[in-house]
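Peer 1: Can you read through this structure? Questions will come right after.
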Amino acid sequence: MRFSSPAHRFPAARLVLGILLVALTLLGACRASGPATPARTVAAFFNKYEKRPGFHTTEWSASLLQRLALVKAANLFGGSDLTNAITGIRAARALTFAPTSTRALDLSQQGLLNEATGLLQAEKYAPLSAANSSGGNYNSVIRTSGDRVSELVATGTLPNAADSFVLVQVEGNFTRAQAEALAKVLPQVVQQTGQ
């Protein structure tokens, strides 16, 4: 008497088993590539990285006392465009990164800045000319609604921190001149509050 394996007796079972193995392999590959999948929006970028080692998120609330202090400082140092920009802020937050481990350094070298730049280009943010300031070199882009600026996003690095990264998002209602004035002070604000 000759014995045959169940797979030989049931070709359909062999086919189903093969499909299951392929499906499990694909699921494993999708899961493995998840963290490396580029974010598609600024909000998704924050969600993706804010809880990882080396990252720090700072949210600046628009409370009345903070605004009054910022407006007073802006009047002393920045002029009316900066004062008006500060009063036009609805929400602002910064995501800073300084590598704390070899794995975090690998993440930086894999291109955090490239990922952020790619998503900003894909989302059609427009460049803002006032990107450089004495507090650091940031690249600032804006999203407009008519002749008003509704969002300012800046990317850059922390001073004196190798392989660092900064992403700042400011939402509000600004003129282009106000957004430019705001972009000039972002590096100092991040430096004072970010780490």
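How things are named: the first chain in the structure tokens is A, the next is B, and so on; residues count from 1 in each chain; ligands count from 1 in the order shown.
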Contacts of A:Thr58 at 12 Å or less, counting only C-alpha atoms, minus same-chain residues fewer than 5 places along, as a PyMOL selection string?

Peer 2: chain A and resi 46+50+91-97+166-170+189-195

Peer 1: Residues of the last selection are to be written out with all heavy atoms, as a short mmCIF file (atom, residue, chain, number, x, y, z; two decimals), in the first residue's frame.

Peer 2:
data_model
loop_
_atom_site.label_atom_id
_atom_site.label_comp_id
_atom_site.auth_asym_id
_atom_site.auth_seq_id
_atom_site.Cartn_x
_atom_site.Cartn_y
_atom_site.Cartn_z
N PHE A 46 4.58 65.00 12.42
CA PHE A 46 4.61 65.13 13.88
C PHE A 46 4.20 63.82 14.55
O PHE A 46 4.87 63.35 15.46
CB PHE A 46 3.69 66.27 14.34
CG PHE A 46 4.35 67.61 14.38
CD1 PHE A 46 4.32 68.44 13.26
CD2 PHE A 46 4.99 68.06 15.52
CE1 PHE A 46 4.92 69.69 13.29
CE2 PHE A 46 5.59 69.32 15.56
CZ PHE A 46 5.55 70.13 14.44
N GLU A 50 7.08 62.20 16.98
CA GLU A 50 7.11 62.90 18.25
C GLU A 50 7.40 62.01 19.46
O GLU A 50 7.91 62.50 20.47
CB GLU A 50 5.83 63.70 18.46
CG GLU A 50 4.57 62.90 18.59
CD GLU A 50 3.33 63.78 18.65
OE1 GLU A 50 3.47 65.00 18.85
OE2 GLU A 50 2.23 63.25 18.49
N ALA A 91 -2.07 78.61 16.29
CA ALA A 91 -1.39 77.46 16.90
C ALA A 91 0.04 77.42 16.38
O ALA A 91 0.29 77.79 15.23
CB ALA A 91 -2.11 76.16 16.56
N ALA A 92 0.95 76.96 17.22
CA ALA A 92 2.34 76.83 16.81
C ALA A 92 2.98 75.68 17.57
O ALA A 92 2.70 75.47 18.76
CB ALA A 92 3.10 78.13 17.07
N ARG A 93 3.82 74.94 16.86
CA ARG A 93 4.53 73.84 17.52
C ARG A 93 5.83 73.57 16.79
O ARG A 93 6.00 73.92 15.61
CB ARG A 93 3.67 72.58 17.56
CG ARG A 93 3.24 72.06 16.21
CD ARG A 93 2.30 70.90 16.35
NE ARG A 93 1.79 70.46 15.06
CZ ARG A 93 1.19 69.31 14.87
NH1 ARG A 93 1.03 68.47 15.87
NH2 ARG A 93 0.73 68.98 13.68
N ALA A 94 6.76 72.97 17.52
CA ALA A 94 8.07 72.64 16.96
C ALA A 94 8.42 71.20 17.32
O ALA A 94 8.15 70.74 18.43
CB ALA A 94 9.13 73.58 17.49
N LEU A 95 9.02 70.52 16.37
CA LEU A 95 9.55 69.17 16.58
C LEU A 95 11.05 69.27 16.41
O LEU A 95 11.53 69.63 15.33
CB LEU A 95 8.96 68.21 15.56
CG LEU A 95 9.40 66.75 15.64
CD1 LEU A 95 8.83 66.09 16.90
CD2 LEU A 95 8.95 65.98 14.40
N THR A 96 11.79 69.02 17.49
CA THR A 96 13.25 69.08 17.42
C THR A 96 13.82 67.68 17.61
O THR A 96 13.23 66.84 18.29
CB THR A 96 13.83 70.02 18.50
OG1 THR A 96 13.39 69.60 19.80
CG2 THR A 96 13.39 71.46 18.25
N PHE A 97 14.98 67.46 17.00
CA PHE A 97 15.61 66.15 17.07
C PHE A 97 17.11 66.32 17.22
O PHE A 97 17.75 67.08 16.48
CB PHE A 97 15.33 65.36 15.79
CG PHE A 97 16.11 64.09 15.67
CD1 PHE A 97 15.78 62.97 16.42
CD2 PHE A 97 17.20 64.00 14.82
CE1 PHE A 97 16.50 61.79 16.31
CE2 PHE A 97 17.93 62.83 14.70
CZ PHE A 97 17.58 61.72 15.45
N VAL A 166 14.98 70.28 12.86
CA VAL A 166 13.88 71.06 13.43
C VAL A 166 12.78 71.20 12.38
O VAL A 166 13.07 71.46 11.21
CB VAL A 166 14.34 72.48 13.85
CG1 VAL A 166 13.17 73.32 14.32
CG2 VAL A 166 15.41 72.42 14.92
N LEU A 167 11.54 71.02 12.81
CA LEU A 167 10.37 71.31 11.98
C LEU A 167 9.44 72.17 12.81
O LEU A 167 9.05 71.78 13.91
CB LEU A 167 9.66 70.03 11.55
CG LEU A 167 8.37 70.23 10.75
CD1 LEU A 167 8.68 70.69 9.34
CD2 LEU A 167 7.56 68.94 10.69
N VAL A 168 9.12 73.36 12.33
CA VAL A 168 8.24 74.29 13.03
C VAL A 168 7.01 74.53 12.17
O VAL A 168 7.13 74.77 10.96
CB VAL A 168 8.94 75.64 13.31
CG1 VAL A 168 8.01 76.58 14.07
CG2 VAL A 168 10.23 75.45 14.08
N GLN A 169 5.84 74.48 12.79
CA GLN A 169 4.58 74.76 12.09
C GLN A 169 3.84 75.85 12.85
O GLN A 169 3.61 75.73 14.05
CB GLN A 169 3.72 73.51 12.02
CG GLN A 169 2.38 73.74 11.34
CD GLN A 169 1.47 72.52 11.45
OE1 GLN A 169 1.44 71.84 12.46
NE2 GLN A 169 0.72 72.25 10.40
N VAL A 170 3.51 76.94 12.13
CA VAL A 170 2.76 78.05 12.71
C VAL A 170 1.51 78.26 11.86
O VAL A 170 1.62 78.49 10.66
CB VAL A 170 3.59 79.35 12.77
CG1 VAL A 170 2.78 80.47 13.42
CG2 VAL A 170 4.90 79.12 13.51
N VAL A 189 13.30 81.51 18.86
CA VAL A 189 12.20 80.97 19.67
C VAL A 189 12.43 79.49 19.93
O VAL A 189 12.29 79.00 21.05
CB VAL A 189 10.85 81.22 18.98
CG1 VAL A 189 9.72 80.53 19.74
CG2 VAL A 189 10.57 82.72 18.87
N VAL A 190 12.80 78.76 18.88
CA VAL A 190 13.05 77.32 19.04
C VAL A 190 14.22 77.08 19.99
O VAL A 190 14.16 76.21 20.85
CB VAL A 190 13.32 76.65 17.66
CG1 VAL A 190 13.83 75.24 17.83
CG2 VAL A 190 12.06 76.68 16.81
N GLN A 191 15.26 77.87 19.84
CA GLN A 191 16.43 77.71 20.70
C GLN A 191 16.09 77.98 22.16
O GLN A 191 16.56 77.28 23.05
CB GLN A 191 17.54 78.66 20.24
CG GLN A 191 18.88 78.35 20.86
CD GLN A 191 19.98 79.18 20.21
OE1 GLN A 191 19.78 79.83 19.18
NE2 GLN A 191 21.15 79.16 20.81
N GLN A 192 15.22 78.95 22.42
CA GLN A 192 14.86 79.28 23.79
C GLN A 192 13.90 78.26 24.41
O GLN A 192 13.93 78.02 25.60
CB GLN A 192 14.19 80.67 23.84
CG GLN A 192 15.13 81.80 23.53
CD GLN A 192 16.26 81.92 24.53
OE1 GLN A 192 16.04 81.79 25.73
NE2 GLN A 192 17.46 82.13 24.06
N THR A 193 13.02 77.67 23.60
CA THR A 193 11.97 76.82 24.16
C THR A 193 12.07 75.36 23.80
O THR A 193 11.42 74.52 24.40
CB THR A 193 10.58 77.31 23.71
OG1 THR A 193 10.49 77.21 22.29
CG2 THR A 193 10.33 78.74 24.14
N GLY A 194 12.88 75.02 22.77
CA GLY A 194 12.85 73.68 22.21
C GLY A 194 13.50 72.59 23.02
O GLY A 194 13.05 71.47 23.04
N GLN A 195 14.60 72.87 23.67
CA GLN A 195 15.33 71.78 24.34
C GLN A 195 15.39 71.98 25.83
O GLN A 195 15.70 72.98 26.34
CB GLN A 195 16.76 71.65 23.78
CG GLN A 195 16.79 71.16 22.37
CD GLN A 195 16.54 69.66 22.26
OE1 GLN A 195 16.27 68.96 23.24
NE2 GLN A 195 16.61 69.15 21.07
#

Peer 1: Could you check how far atom CA of A:Tyr138 sits from atom CA of A:Lys184, in Å to one decimal?

Peer 2: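 These two atoms are separated by 8.8 Å.
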
Peer 1: Give the answer as one residue: which of A:Leu186, A:Leu105, A:Ile86, A:Val42 has the shortest atom-to-atom distance to A:Gln121, using only C-alpha atoms?

Peer 2: A:Val42

Peer 1: Within 9 Å of stretch 115-118 of chain A, counting only C-alpha atoms, which residues show up once you throw out same-chain ones fewer than 5 positions away? Write them as JSON, numbers by chain, please.

Peer 2: {"A": [38, 39, 40, 41, 42, 45, 123, 155, 167]}

Peer 1: Keeping C-alpha atoms, export the residues of the selection given above as an mmCIF file, in the first residue's frame.

Peer 2:
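In the end it all went to out.cif:
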data_model
loop_
_atom_site.group_PDB
_atom_site.id
_atom_site.type_symbol
_atom_site.label_atom_id
_atom_site.label_comp_id
_atom_site.auth_asym_id
_atom_site.auth_seq_id
_atom_site.Cartn_x
_atom_site.Cartn_y
_atom_site.Cartn_z
ATOM 1 C CA PRO A 38 7.328 58.892 4.350
ATOM 2 C CA ALA A 39 4.741 61.111 6.027
ATOM 3 C CA ARG A 40 2.308 62.782 3.643
ATOM 4 C CA THR A 41 1.328 65.823 5.746
ATOM 5 C CA VAL A 42 2.947 67.994 8.409
ATOM 6 C CA PHE A 45 5.158 63.947 10.289
ATOM 7 C CA GLU A 123 1.811 69.502 -0.629
ATOM 8 C CA THR A 155 12.828 73.263 8.602
ATOM 9 C CA LEU A 167 10.373 71.306 11.982
#

Peer 1: Can you work out which one of A:Ala179, A:Ala98, A:Arg103, A:Arg148 has the shortest atom-to-atom distance to A:Asn160, counting only C-alpha atoms?

Peer 2: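 Closest to A:Asn160 of all the choices is A:Ala98.
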
Peer 1: Excluding A:Ala162 and its own-chain neighbours fewer than 4 positions away, which residues fall within 9 Å of it when counting only C-alpha atoms? Please give them as a PyMOL selection string.

Peer 2: chain A and resi 98-99+157-158

Peer 1: I want to know what sits within 12 Å of A:Gly146, based on only C-alpha atoms, with residues of the same chain fewer than 4 positions away left out; could you give that as a VMD selection string?

Peer 2: chain A and resid 150 173 to 176

Peer 1: Those selected residues, please, written with N, CA and C atoms and delivered as an mmCIF file, in the first residue's frame.

Peer 2:
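The new file selection_3.cif reads:
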data_model
loop_
_atom_site.group_PDB
_atom_site.id
_atom_site.type_symbol
_atom_site.label_atom_id
_atom_site.label_comp_id
_atom_site.auth_asym_id
_atom_site.auth_seq_id
_atom_site.Cartn_x
_atom_site.Cartn_y
_atom_site.Cartn_z
ATOM 1 N N SER A 150 -1.841 81.359 5.627
ATOM 2 C CA SER A 150 -2.557 80.603 6.662
ATOM 3 C C SER A 150 -1.645 79.663 7.447
ATOM 4 N N ASN A 173 -3.222 83.765 10.629
ATOM 5 C CA ASN A 173 -3.705 84.640 9.570
ATOM 6 C C ASN A 173 -2.730 85.804 9.464
ATOM 7 N N PHE A 174 -1.865 85.772 8.437
ATOM 8 C CA PHE A 174 -0.784 86.741 8.311
ATOM 9 C C PHE A 174 -0.725 87.320 6.901
ATOM 10 N N THR A 175 -0.116 88.496 6.786
ATOM 11 C CA THR A 175 0.305 88.981 5.475
ATOM 12 C C THR A 175 1.650 88.323 5.184
ATOM 13 N N ARG A 176 2.114 88.441 3.965
ATOM 14 C CA ARG A 176 3.419 87.867 3.623
ATOM 15 C C ARG A 176 4.534 88.544 4.430
#

Peer 1: Extract, using only C-alpha atoms, all DNA, RNA and protein residues at most 9 Å from stretch 140-142 of chain A, discarding same-chain residues fewer than 4 positions from it, and format them as a PyMOL selection string.

Peer 2: chain A and resi 120+125-132+149-156+176+179-180+183

Peer 1: With distances taken over only C-alpha atoms, which of A:Leu112, A:Ala122, A:Ala177, A:Leu182 is nearest to A:Thr37?

Peer 2: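 Between A:Leu112, A:Ala122, A:Ala177, A:Leu182, the residue approaching A:Thr37 most closely is A:Leu112.
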